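Coordinates as given in model27.cif (mmCIF, C-alpha atoms):
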```
data_query
loop_
_atom_site.label_atom_id
_atom_site.label_comp_id
_atom_site.auth_asym_id
_atom_site.auth_seq_id
_atom_site.Cartn_x
_atom_site.Cartn_y
_atom_site.Cartn_z
CA MET A 3 -69.02 108.22 6.78
CA PRO A 4 -70.94 111.30 8.04
CA ALA A 5 -70.68 111.80 11.78
CA ASP A 6 -74.46 111.81 12.12
CA LEU A 7 -75.00 108.47 10.31
CA ILE A 8 -74.99 105.06 12.03
CA ARG A 9 -75.09 102.01 9.76
CA ILE A 10 -76.83 99.09 11.48
CA VAL A 11 -76.09 95.52 10.38
CA SER A 12 -78.54 92.71 11.09
CA ARG A 13 -79.83 89.39 9.83
CA ASP A 14 -82.32 89.93 7.01
CA SER A 15 -85.26 88.00 8.51
CA PRO A 16 -88.52 89.90 9.20
CA MET A 17 -87.98 89.48 12.95
CA ALA A 18 -84.39 90.74 12.84
CA LEU A 19 -85.43 93.77 10.82
CA ALA A 20 -88.24 94.47 13.30
CA GLN A 21 -85.59 94.43 16.04
CA VAL A 22 -83.57 97.00 14.10
CA GLU A 23 -86.68 99.18 13.85
CA ARG A 24 -86.90 99.18 17.64
CA VAL A 25 -83.26 100.26 17.89
CA GLU A 26 -83.81 102.99 15.29
CA ALA A 27 -86.86 104.27 17.20
CA GLU A 28 -84.98 104.37 20.51
CA LEU A 29 -82.01 106.08 18.86
CA ALA A 30 -84.27 108.67 17.23
CA ALA A 31 -85.93 109.42 20.57
CA ALA A 32 -82.61 109.81 22.39
CA HIS A 33 -80.64 111.47 19.57
CA PRO A 34 -82.97 113.22 17.08
CA GLY A 35 -80.03 114.38 14.95
CA ILE A 36 -78.71 110.87 14.22
CA ARG A 37 -79.62 109.19 10.94
CA THR A 38 -79.56 105.40 10.50
CA GLU A 39 -79.09 103.07 7.56
CA VAL A 40 -79.80 99.33 7.64
CA VAL A 41 -77.24 96.85 6.25
CA PRO A 42 -79.07 93.48 6.01
CA VAL A 43 -77.02 90.27 5.66
CA ARG A 44 -78.06 86.66 5.08
CA THR A 45 -76.35 84.45 7.67
CA THR A 46 -75.27 80.82 7.41
CA GLY A 47 -77.90 79.92 10.02
CA ASP A 48 -80.65 81.47 7.90
CA LYS A 49 -79.49 79.72 4.73
CA TRP A 50 -78.82 76.29 6.28
CA MET A 51 -81.94 74.35 7.27
CA GLY A 52 -80.17 71.30 8.66
CA ASP A 53 -78.71 70.63 12.10
CA LEU A 54 -76.95 73.77 13.38
CA SER A 55 -74.09 71.74 14.85
CA ALA A 56 -73.02 71.03 11.26
CA VAL A 57 -72.39 74.75 10.67
CA GLU A 58 -70.64 75.94 13.83
CA GLY A 59 -73.72 75.93 16.00
CA LYS A 60 -75.11 79.24 17.13
CA GLY A 61 -72.28 81.26 15.62
CA ALA A 62 -74.06 80.50 12.35
CA PHE A 63 -76.46 83.36 13.15
CA THR A 64 -73.81 85.92 14.04
CA LYS A 65 -70.67 85.31 11.96
CA GLU A 66 -71.64 87.31 8.86
CA VAL A 67 -73.01 90.13 11.00
CA ASP A 68 -69.74 90.27 12.96
CA GLN A 69 -67.74 90.27 9.72
CA ALA A 70 -69.65 93.30 8.38
CA LEU A 71 -68.96 95.16 11.61
CA LEU A 72 -65.25 94.32 11.66
CA ALA A 73 -64.84 95.12 7.96
CA GLY A 74 -66.20 98.60 8.55
CA ASP A 75 -69.29 98.02 6.41
CA ALA A 76 -71.45 98.85 9.43
CA ASP A 77 -71.05 100.65 12.76
CA LEU A 78 -73.52 98.80 14.95
CA ALA A 79 -74.78 95.22 15.07
CA VAL A 80 -78.10 94.16 16.58
CA HIS A 81 -78.20 90.60 17.93
CA CYS A 82 -80.55 88.48 20.00
CA VAL A 83 -78.40 87.60 23.01
CA LYS A 84 -79.69 84.01 22.88
CA ASP A 85 -78.03 83.62 19.44
CA ILE A 86 -74.58 84.83 20.56
CA PRO A 87 -72.28 81.94 21.58
CA ALA A 88 -71.15 82.21 25.21
CA ASP A 89 -68.67 79.31 25.16
CA ARG A 90 -66.14 81.59 23.45
CA PRO A 91 -65.39 85.33 23.71
CA LEU A 92 -66.90 87.96 21.44
CA PRO A 93 -64.97 88.35 18.17
CA ALA A 94 -61.74 90.26 18.84
CA GLY A 95 -62.17 93.94 18.16
CA THR A 96 -65.86 94.08 19.14
CA VAL A 97 -67.65 94.98 22.38
CA PHE A 98 -71.18 95.07 23.72
CA ALA A 99 -72.24 98.71 23.96
CA ALA A 100 -75.69 98.06 25.47
CA PHE A 101 -78.35 95.51 26.33
CA LEU A 102 -81.84 96.88 25.67
CA ARG A 103 -84.72 96.59 28.15
CA ARG A 104 -85.72 92.96 28.25
CA ASP A 105 -88.80 91.67 26.43
CA ASP A 106 -90.96 88.69 27.45
CA ILE A 107 -88.72 85.66 28.13
CA ARG A 108 -91.49 83.05 27.85
CA ASP A 109 -92.31 80.53 25.14
CA ALA A 110 -95.75 80.25 23.53
CA LEU A 111 -97.65 77.25 22.23
CA ILE A 112 -99.30 77.70 18.85
CA HIS A 113 -102.03 75.14 18.17
CA PRO A 114 -104.53 75.72 15.33
CA GLY A 115 -107.33 74.30 17.49
CA GLY A 116 -106.43 76.51 20.44
CA LEU A 117 -105.47 73.64 22.77
CA THR A 118 -103.16 74.19 25.75
CA LEU A 119 -100.03 72.10 26.29
CA ASP A 120 -101.74 69.88 28.87
CA GLU A 121 -104.68 69.29 26.48
CA LEU A 122 -102.57 68.00 23.57
CA PRO A 123 -103.34 64.34 22.81
CA ALA A 124 -100.68 61.62 22.65
CA GLY A 125 -98.77 61.62 19.38
CA THR A 126 -99.17 65.37 18.79
CA ARG A 127 -96.23 66.59 16.67
CA ILE A 128 -94.67 69.79 17.92
CA GLY A 129 -92.35 71.49 15.46
CA THR A 130 -89.11 72.62 17.09
CA SER A 131 -85.39 72.14 16.54
CA SER A 132 -84.55 73.48 20.00
CA VAL A 133 -82.86 70.87 22.18
CA ARG A 134 -83.87 72.98 25.19
CA ARG A 135 -87.56 72.74 24.30
CA SER A 136 -87.54 69.10 23.23
CA ALA A 137 -85.71 67.95 26.39
CA GLN A 138 -88.19 69.75 28.63
CA LEU A 139 -91.16 68.37 26.69
CA ALA A 140 -89.68 64.87 26.96
CA ALA A 141 -89.50 65.35 30.73
CA SER A 142 -92.94 66.91 31.26
CA HIS A 143 -95.05 65.60 28.34
CA PRO A 144 -93.41 62.36 27.12
CA HIS A 145 -96.49 61.43 25.06
CA ILE A 146 -95.83 64.38 22.70
CA ASP A 147 -93.49 64.01 19.72
CA CYS A 148 -91.03 66.71 18.61
CA VAL A 149 -90.37 67.03 14.88
CA PRO A 150 -87.36 69.02 13.63
CA MET A 151 -88.32 72.41 12.28
CA ARG A 152 -86.12 75.42 11.59
CA GLY A 153 -86.56 78.72 9.78
CA ASN A 154 -87.75 82.10 10.97
CA ALA A 155 -91.07 82.39 12.82
CA ASN A 156 -93.06 83.33 9.70
CA ARG A 157 -91.65 80.32 7.86
CA ARG A 158 -92.49 77.98 10.75
CA LEU A 159 -96.05 79.28 10.85
CA GLU A 160 -96.29 78.50 7.13
CA LYS A 161 -94.98 74.97 7.75
CA LEU A 162 -97.54 74.49 10.53
CA ALA A 163 -100.32 75.59 8.18
CA GLY A 164 -98.93 73.16 5.60
CA GLY A 165 -99.27 70.22 7.98
CA ASP A 166 -95.56 69.68 8.76
CA ALA A 167 -96.49 69.67 12.47
CA ASP A 168 -99.61 69.83 14.65
CA ALA A 169 -98.33 72.63 16.91
CA LEU A 170 -95.33 74.92 17.43
CA LEU A 171 -93.36 76.41 20.29
CA LEU A 172 -92.09 79.93 19.59
CA ALA A 173 -90.77 82.78 21.71
CA VAL A 174 -93.42 85.26 22.83
CA SER A 175 -91.00 88.16 22.23
CA GLY A 176 -90.42 87.08 18.64
CA LEU A 177 -94.16 86.83 17.94
CA GLU A 178 -94.59 90.29 19.44
CA ARG A 179 -91.90 91.67 17.15
CA ILE A 180 -93.57 90.36 13.99
CA ASP A 181 -97.04 91.28 15.31
CA ARG A 182 -98.35 87.70 15.37
CA THR A 183 -99.42 87.22 18.98
CA ASP A 184 -102.86 86.39 17.53
CA VAL A 185 -101.68 82.80 16.89
CA ILE A 186 -100.78 82.08 20.54
CA SER A 187 -102.85 79.32 22.20
CA GLU A 188 -101.05 79.43 25.54
CA VAL A 189 -98.14 81.35 27.05
CA LEU A 190 -95.99 78.91 29.04
CA SER A 191 -94.58 80.00 32.39
CA PRO A 192 -90.79 79.69 32.90
CA GLU A 193 -91.57 76.90 35.39
CA VAL A 194 -93.22 74.89 32.58
CA MET A 195 -90.72 75.80 29.83
CA CYS A 196 -87.49 77.30 31.14
CA PRO A 197 -86.21 79.89 28.62
CA PRO A 198 -82.86 79.97 26.83
CA ILE A 199 -79.97 81.98 28.20
CA GLY A 200 -80.34 85.57 26.98
CA ALA A 201 -84.04 85.26 26.11
CA GLY A 202 -85.77 88.48 25.13
CA VAL A 203 -82.64 90.67 25.21
CA LEU A 204 -81.25 92.59 22.25
CA ALA A 205 -77.52 93.34 22.33
CA LEU A 206 -75.92 96.30 20.59
CA GLN A 207 -72.39 95.43 19.48
CA CYS A 208 -69.81 97.93 18.23
CA ARG A 209 -66.19 97.98 17.14
CA GLU A 210 -63.80 98.37 20.04
CA GLY A 211 -62.47 101.92 20.13
CA ASP A 212 -65.35 103.35 18.09
CA ASP A 213 -66.02 105.70 20.99
CA ALA A 214 -68.34 108.05 19.11
CA VAL A 215 -70.83 105.28 18.28
CA ILE A 216 -70.41 103.55 21.66
CA ASP A 217 -71.17 106.82 23.49
CA ILE A 218 -74.34 107.35 21.45
CA VAL A 219 -75.81 103.85 21.74
CA SER A 220 -74.71 102.98 25.30
CA GLY A 221 -77.40 105.33 26.61
CA LEU A 222 -80.04 102.93 25.26
CA GLY A 223 -78.87 100.24 27.69
CA ASP A 224 -81.06 99.00 30.55
CA PRO A 225 -79.31 98.40 33.90
CA ALA A 226 -81.49 95.41 34.87
CA ALA A 227 -80.99 93.77 31.47
CA TYR A 228 -77.23 94.31 31.84
CA ARG A 229 -77.14 92.59 35.24
CA GLU A 230 -79.37 89.69 34.17
CA THR A 231 -77.54 89.09 30.88
CA THR A 232 -74.10 89.31 32.50
CA ALA A 233 -75.05 86.64 35.05
CA GLU A 234 -76.62 84.36 32.41
CA ARG A 235 -73.76 84.60 29.91
CA MET A 236 -71.11 83.99 32.58
CA PHE A 237 -73.10 80.94 33.71
CA LEU A 238 -73.11 79.56 30.14
CA HIS A 239 -69.45 80.45 29.64
CA VAL A 240 -68.34 78.54 32.75
CA LEU A 241 -70.47 75.53 31.75
CA GLN A 242 -69.03 75.67 28.20
CA GLY A 243 -72.41 74.71 26.80
CA HIS A 244 -72.67 74.22 23.03
CA CYS A 245 -75.62 74.50 20.64
CA ASN A 246 -76.69 70.88 21.27
CA SER A 247 -76.64 71.28 25.06
CA PRO A 248 -80.12 71.35 26.62
CA ILE A 249 -79.36 74.25 28.99
CA ALA A 250 -81.96 76.74 30.19
CA GLY A 251 -82.08 79.51 32.71
CA TYR A 252 -82.87 83.08 33.52
CA ALA A 253 -81.73 85.77 35.90
CA GLN A 254 -84.20 88.19 37.43
CA VAL A 255 -83.78 91.57 39.07
CA GLU A 256 -86.50 92.06 41.69
CA ARG A 257 -88.08 95.47 42.32
CA ASN A 258 -85.84 95.93 45.36
CA GLY A 259 -82.75 95.30 43.19
CA ASP A 260 -82.04 91.73 44.36
CA LEU A 261 -80.70 89.50 41.57
CA SER A 262 -81.25 85.75 41.29
CA LEU A 263 -80.36 83.13 38.70
CA ARG A 264 -82.29 79.92 38.12
CA ALA A 265 -80.75 77.38 35.72
CA LYS A 266 -81.20 73.81 34.49
CA VAL A 267 -79.23 71.26 32.49
CA PHE A 268 -81.03 68.32 30.89
CA THR A 269 -80.24 65.14 29.06
CA PRO A 270 -81.83 65.26 25.58
CA ASP A 271 -84.37 62.58 26.60
CA GLY A 272 -85.42 64.67 29.61
CA LYS A 273 -84.79 61.81 32.01
CA THR A 274 -82.11 63.72 33.95
CA VAL A 275 -82.70 67.30 35.07
CA LEU A 276 -80.13 69.22 37.10
CA ASN A 277 -81.41 72.31 38.92
CA ALA A 278 -79.81 75.28 40.66
CA HIS A 279 -81.20 78.57 41.96
CA GLU A 280 -79.16 81.17 43.84
CA TRP A 281 -79.45 84.80 44.93
CA ALA A 282 -76.59 87.19 44.30
CA GLY A 283 -76.69 88.97 47.65
CA PRO A 284 -73.44 90.98 47.64
CA LEU A 285 -72.05 89.11 44.64
CA ASP A 286 -71.67 90.87 41.31
CA PRO A 287 -73.68 89.36 38.39
CA ALA A 288 -70.71 87.53 36.82
CA THR A 289 -69.84 85.90 40.15
CA LEU A 290 -73.46 84.79 40.57
CA GLY A 291 -73.32 83.19 37.11
CA THR A 292 -70.10 81.39 38.03
CA SER A 293 -71.56 80.19 41.34
CA VAL A 294 -74.68 78.71 39.72
CA ALA A 295 -72.56 77.00 37.05
CA VAL A 296 -70.33 75.49 39.74
CA ALA A 297 -73.41 74.25 41.61
CA LEU A 298 -74.52 72.39 38.47
CA LEU A 299 -71.01 71.10 37.76
CA ARG A 300 -71.03 69.61 41.27
CA GLN A 301 -74.21 67.76 40.28
CA GLY A 302 -72.54 66.26 37.20
CA ALA A 303 -73.29 68.80 34.48
CA ARG A 304 -69.85 68.42 32.86
CA ASP A 305 -70.33 64.72 32.04
CA LEU A 306 -73.90 65.38 30.93
CA ILE A 307 -72.90 68.17 28.50
CA ASP A 308 -69.78 66.38 27.20
CA GLY A 309 -71.80 63.22 26.62
CA ILE A 310 -73.90 64.96 23.97
CA ALA A 311 -72.52 64.94 20.41
CA HIS A 312 -71.86 68.34 18.85
#
```

Step by step, read the file and then write its structure as structure tokens.
Amino acid sequence: MPADLIRIVSRDSPMALAQVERVEAELAAAHPGIRTEVVPVRTTGDKWMGDLSAVEGKGAFTKEVDQALLAGDADLAVHCVKDIPADRPLPAGTVFAAFLRRDDIRDALIHPGGLTLDELPAGTRIGTSSVRRSAQLAASHPHIDCVPMRGNANRRLEKLAGGDADALLLAVSGLERIDRTDVISEVLSPEVMCPPIGAGVLALQCREGDDAVIDIVSGLGDPAAYRETTAERMFLHVLQGHCNSPIAGYAQVERNGDLSLRAKVFTPDGKTVLNAHEWAGPLDPATLGTSVAVALLRQGARDLIDGIAH
């Protein structure tokens, strides 16, 4: 492989390829002499439209990408952090080289009539297969029904237009990436719809020891995104949450550098909600993540998570 070529592997969905374009643009700006080549792969999660727990949960979106990296078919993988399992380590032989500057972490409501969440009538069908979203809706808007819906954002918008649901919840950052913010009826604050761990962050993953590539791409990393993501992923790791666990949370670096982590664990019916919010102070991000997880474990999070089939 030429020294000035970086092969980038990614899922083949429109959104994933848009994410790669962002990485290519940032690489070109920082290293004008570097050429890139995209290696698209179709993952199990993209092919399988049933319950993700039947196909290894979230790893279904990363396994084939990781395999291409480890096999030497690519030099750099681009992942959404929220899709990377945190209940087990990264595949042996791979490392995170950078976390890019964080995008919007919020969810958006898409309703063809332009209604807000609070205006939706009883019996409205919201298309989502996210246990995090459905648990929070069950807690805050129990008169609304969630109907299972998977597929990339474009596909879900097609299903909405086809009458499979009356409304959708999608990530604002994803809609921005595919240039479809025009469909948003309402952007939901994190207080109304707490985001998934790793929301809005793109991770750049390389082979361990591939120092030339790591040195080039690590400069794209954002220090605040690194601190926030480290705290969030350690939190999820300590909780050992799986893909059917309604867990939500986000870390935030304030302008003065202070770091906090707010997190929640739900029962799927939304009837039990465990809450924790802590500031790091002198703690490093990983220790903050551990501390918030322990606070929720003290409230009974272990039994709640283990009581959910997966």

Selected residue of minimal separation from A:Ala76 among A:Asp271, A:Asp212, A:Asp168, A:Glu193, counting only C-alpha atoms: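 So, comparing all the options, the nearest one is A:Asp212.
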
Hits of the PyMOL selection byres ((chain A and resi 129) around 7) in this structure, as a list of chain:residue names: A:Arg127, A:Ile128, A:Thr130, A:Cys148, A:Val149, A:Pro150, A:Met151, A:Ala167, A:Ala169, A:Leu170, A:Leu171

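When all atoms listed in the file are used to compute distances to A:Asn154, the closest of the residues A:Met195, A:Ile249, A:Leu139, A:Met17 turns out to be A:Met17.
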
Residues matched by the PyMOL selection byres ((chain A and resi 274) around 12), written as a PyMOL selection string: chain A and resi 137-138+140-142+248-249+266-273+275-277+301-303+305-307

Polymer residues at most 10 Å from stretch 178-190 of chain A, all atoms listed in the file, same-chain spacing of 2 or more positions, as a PyMOL selection string: chain A and resi 16-21+23-24+105-119+155-156+159+169-176+192-197

Test item: the PyMOL selection byres ((chain A and resi 290) around 9) resolved as a ChimeraX atom specification: /A:233-234,236-237,261-263,280-283,285-289,291-295

Would you mind putting back N, CA and C atoms on stretch 80-107 of chain A, then writing it out as an mmCIF file, in the coordinates of the input?
```cif
data_model
loop_
_atom_site.group_PDB
_atom_site.id
_atom_site.type_symbol
_atom_site.label_atom_id
_atom_site.label_comp_id
_atom_site.auth_asym_id
_atom_site.auth_seq_id
_atom_site.Cartn_x
_atom_site.Cartn_y
_atom_site.Cartn_z
ATOM 1 N N VAL A 80 -76.998 94.488 15.669
ATOM 2 C CA VAL A 80 -78.100 94.160 16.580
ATOM 3 C C VAL A 80 -78.250 92.649 16.599
ATOM 4 N N HIS A 81 -78.108 92.061 17.781
ATOM 5 C CA HIS A 81 -78.200 90.600 17.930
ATOM 6 C C HIS A 81 -79.224 90.254 18.999
ATOM 7 N N CYS A 82 -79.876 89.111 18.863
ATOM 8 C CA CYS A 82 -80.550 88.480 20.000
ATOM 9 C C CYS A 82 -79.455 87.849 20.853
ATOM 10 N N VAL A 83 -79.441 88.157 22.142
ATOM 11 C CA VAL A 83 -78.400 87.600 23.010
ATOM 12 C C VAL A 83 -78.426 86.074 22.977
ATOM 13 N N LYS A 84 -79.616 85.481 22.859
ATOM 14 C CA LYS A 84 -79.690 84.010 22.880
ATOM 15 C C LYS A 84 -78.970 83.380 21.695
ATOM 16 N N ASP A 85 -78.718 84.151 20.622
ATOM 17 C CA ASP A 85 -78.030 83.620 19.440
ATOM 18 C C ASP A 85 -76.512 83.809 19.493
ATOM 19 N N ILE A 86 -76.015 84.532 20.500
ATOM 20 C CA ILE A 86 -74.580 84.830 20.560
ATOM 21 C C ILE A 86 -73.891 83.748 21.395
ATOM 22 N N PRO A 87 -72.943 83.002 20.814
ATOM 23 C CA PRO A 87 -72.280 81.940 21.580
ATOM 24 C C PRO A 87 -71.630 82.503 22.842
ATOM 25 N N ALA A 88 -71.771 81.773 23.946
ATOM 26 C CA ALA A 88 -71.150 82.210 25.210
ATOM 27 C C ALA A 88 -69.997 81.303 25.599
ATOM 28 N N ASP A 89 -69.769 80.221 24.810
ATOM 29 C CA ASP A 89 -68.670 79.310 25.160
ATOM 30 C C ASP A 89 -67.343 79.806 24.588
ATOM 31 N N ARG A 90 -67.371 80.958 23.911
ATOM 32 C CA ARG A 90 -66.140 81.590 23.450
ATOM 33 C C ARG A 90 -66.335 83.096 23.520
ATOM 34 N N PRO A 91 -65.228 83.877 23.577
ATOM 35 C CA PRO A 91 -65.390 85.330 23.710
ATOM 36 C C PRO A 91 -65.995 85.954 22.462
ATOM 37 N N LEU A 92 -66.444 87.196 22.607
ATOM 38 C CA LEU A 92 -66.900 87.960 21.440
ATOM 39 C C LEU A 92 -65.758 88.056 20.440
ATOM 40 N N PRO A 93 -66.048 88.199 19.143
ATOM 41 C CA PRO A 93 -64.970 88.350 18.170
ATOM 42 C C PRO A 93 -64.036 89.495 18.570
ATOM 43 N N ALA A 94 -62.738 89.246 18.467
ATOM 44 C CA ALA A 94 -61.740 90.260 18.840
ATOM 45 C C ALA A 94 -62.021 91.543 18.087
ATOM 46 N N GLY A 95 -61.939 92.649 18.798
ATOM 47 C CA GLY A 95 -62.170 93.940 18.160
ATOM 48 C C GLY A 95 -63.599 94.431 18.279
ATOM 49 N N THR A 96 -64.476 93.640 18.951
ATOM 50 C CA THR A 96 -65.860 94.080 19.140
ATOM 51 C C THR A 96 -66.224 94.059 20.626
ATOM 52 N N VAL A 97 -67.187 94.894 20.986
ATOM 53 C CA VAL A 97 -67.650 94.980 22.380
ATOM 54 C C VAL A 97 -69.173 95.138 22.384
ATOM 55 N N PHE A 98 -69.777 94.742 23.493
ATOM 56 C CA PHE A 98 -71.180 95.070 23.720
ATOM 57 C C PHE A 98 -71.248 96.519 24.197
ATOM 58 N N ALA A 99 -72.064 97.325 23.529
ATOM 59 C CA ALA A 99 -72.240 98.710 23.960
ATOM 60 C C ALA A 99 -73.465 98.860 24.847
ATOM 61 N N ALA A 100 -74.456 97.968 24.678
ATOM 62 C CA ALA A 100 -75.690 98.060 25.470
ATOM 63 C C ALA A 100 -76.510 96.798 25.332
ATOM 64 N N PHE A 101 -77.276 96.510 26.381
ATOM 65 C CA PHE A 101 -78.350 95.510 26.330
ATOM 66 C C PHE A 101 -79.651 96.273 26.524
ATOM 67 N N LEU A 102 -80.582 96.148 25.582
ATOM 68 C CA LEU A 102 -81.840 96.880 25.670
ATOM 69 C C LEU A 102 -82.758 96.288 26.745
ATOM 70 N N ARG A 103 -83.733 97.078 27.185
ATOM 71 C CA ARG A 103 -84.720 96.590 28.150
ATOM 72 C C ARG A 103 -85.285 95.259 27.672
ATOM 73 N N ARG A 104 -85.369 94.340 28.599
ATOM 74 C CA ARG A 104 -85.720 92.960 28.250
ATOM 75 C C ARG A 104 -87.192 92.813 27.873
ATOM 76 N N ASP A 105 -87.437 92.030 26.827
ATOM 77 C CA ASP A 105 -88.800 91.670 26.430
ATOM 78 C C ASP A 105 -89.223 90.396 27.167
ATOM 79 N N ASP A 106 -90.418 89.907 26.845
ATOM 80 C CA ASP A 106 -90.960 88.690 27.450
ATOM 81 C C ASP A 106 -89.988 87.521 27.214
ATOM 82 N N ILE A 107 -89.673 86.775 28.267
ATOM 83 C CA ILE A 107 -88.720 85.660 28.130
ATOM 84 C C ILE A 107 -89.428 84.329 27.878
#
```
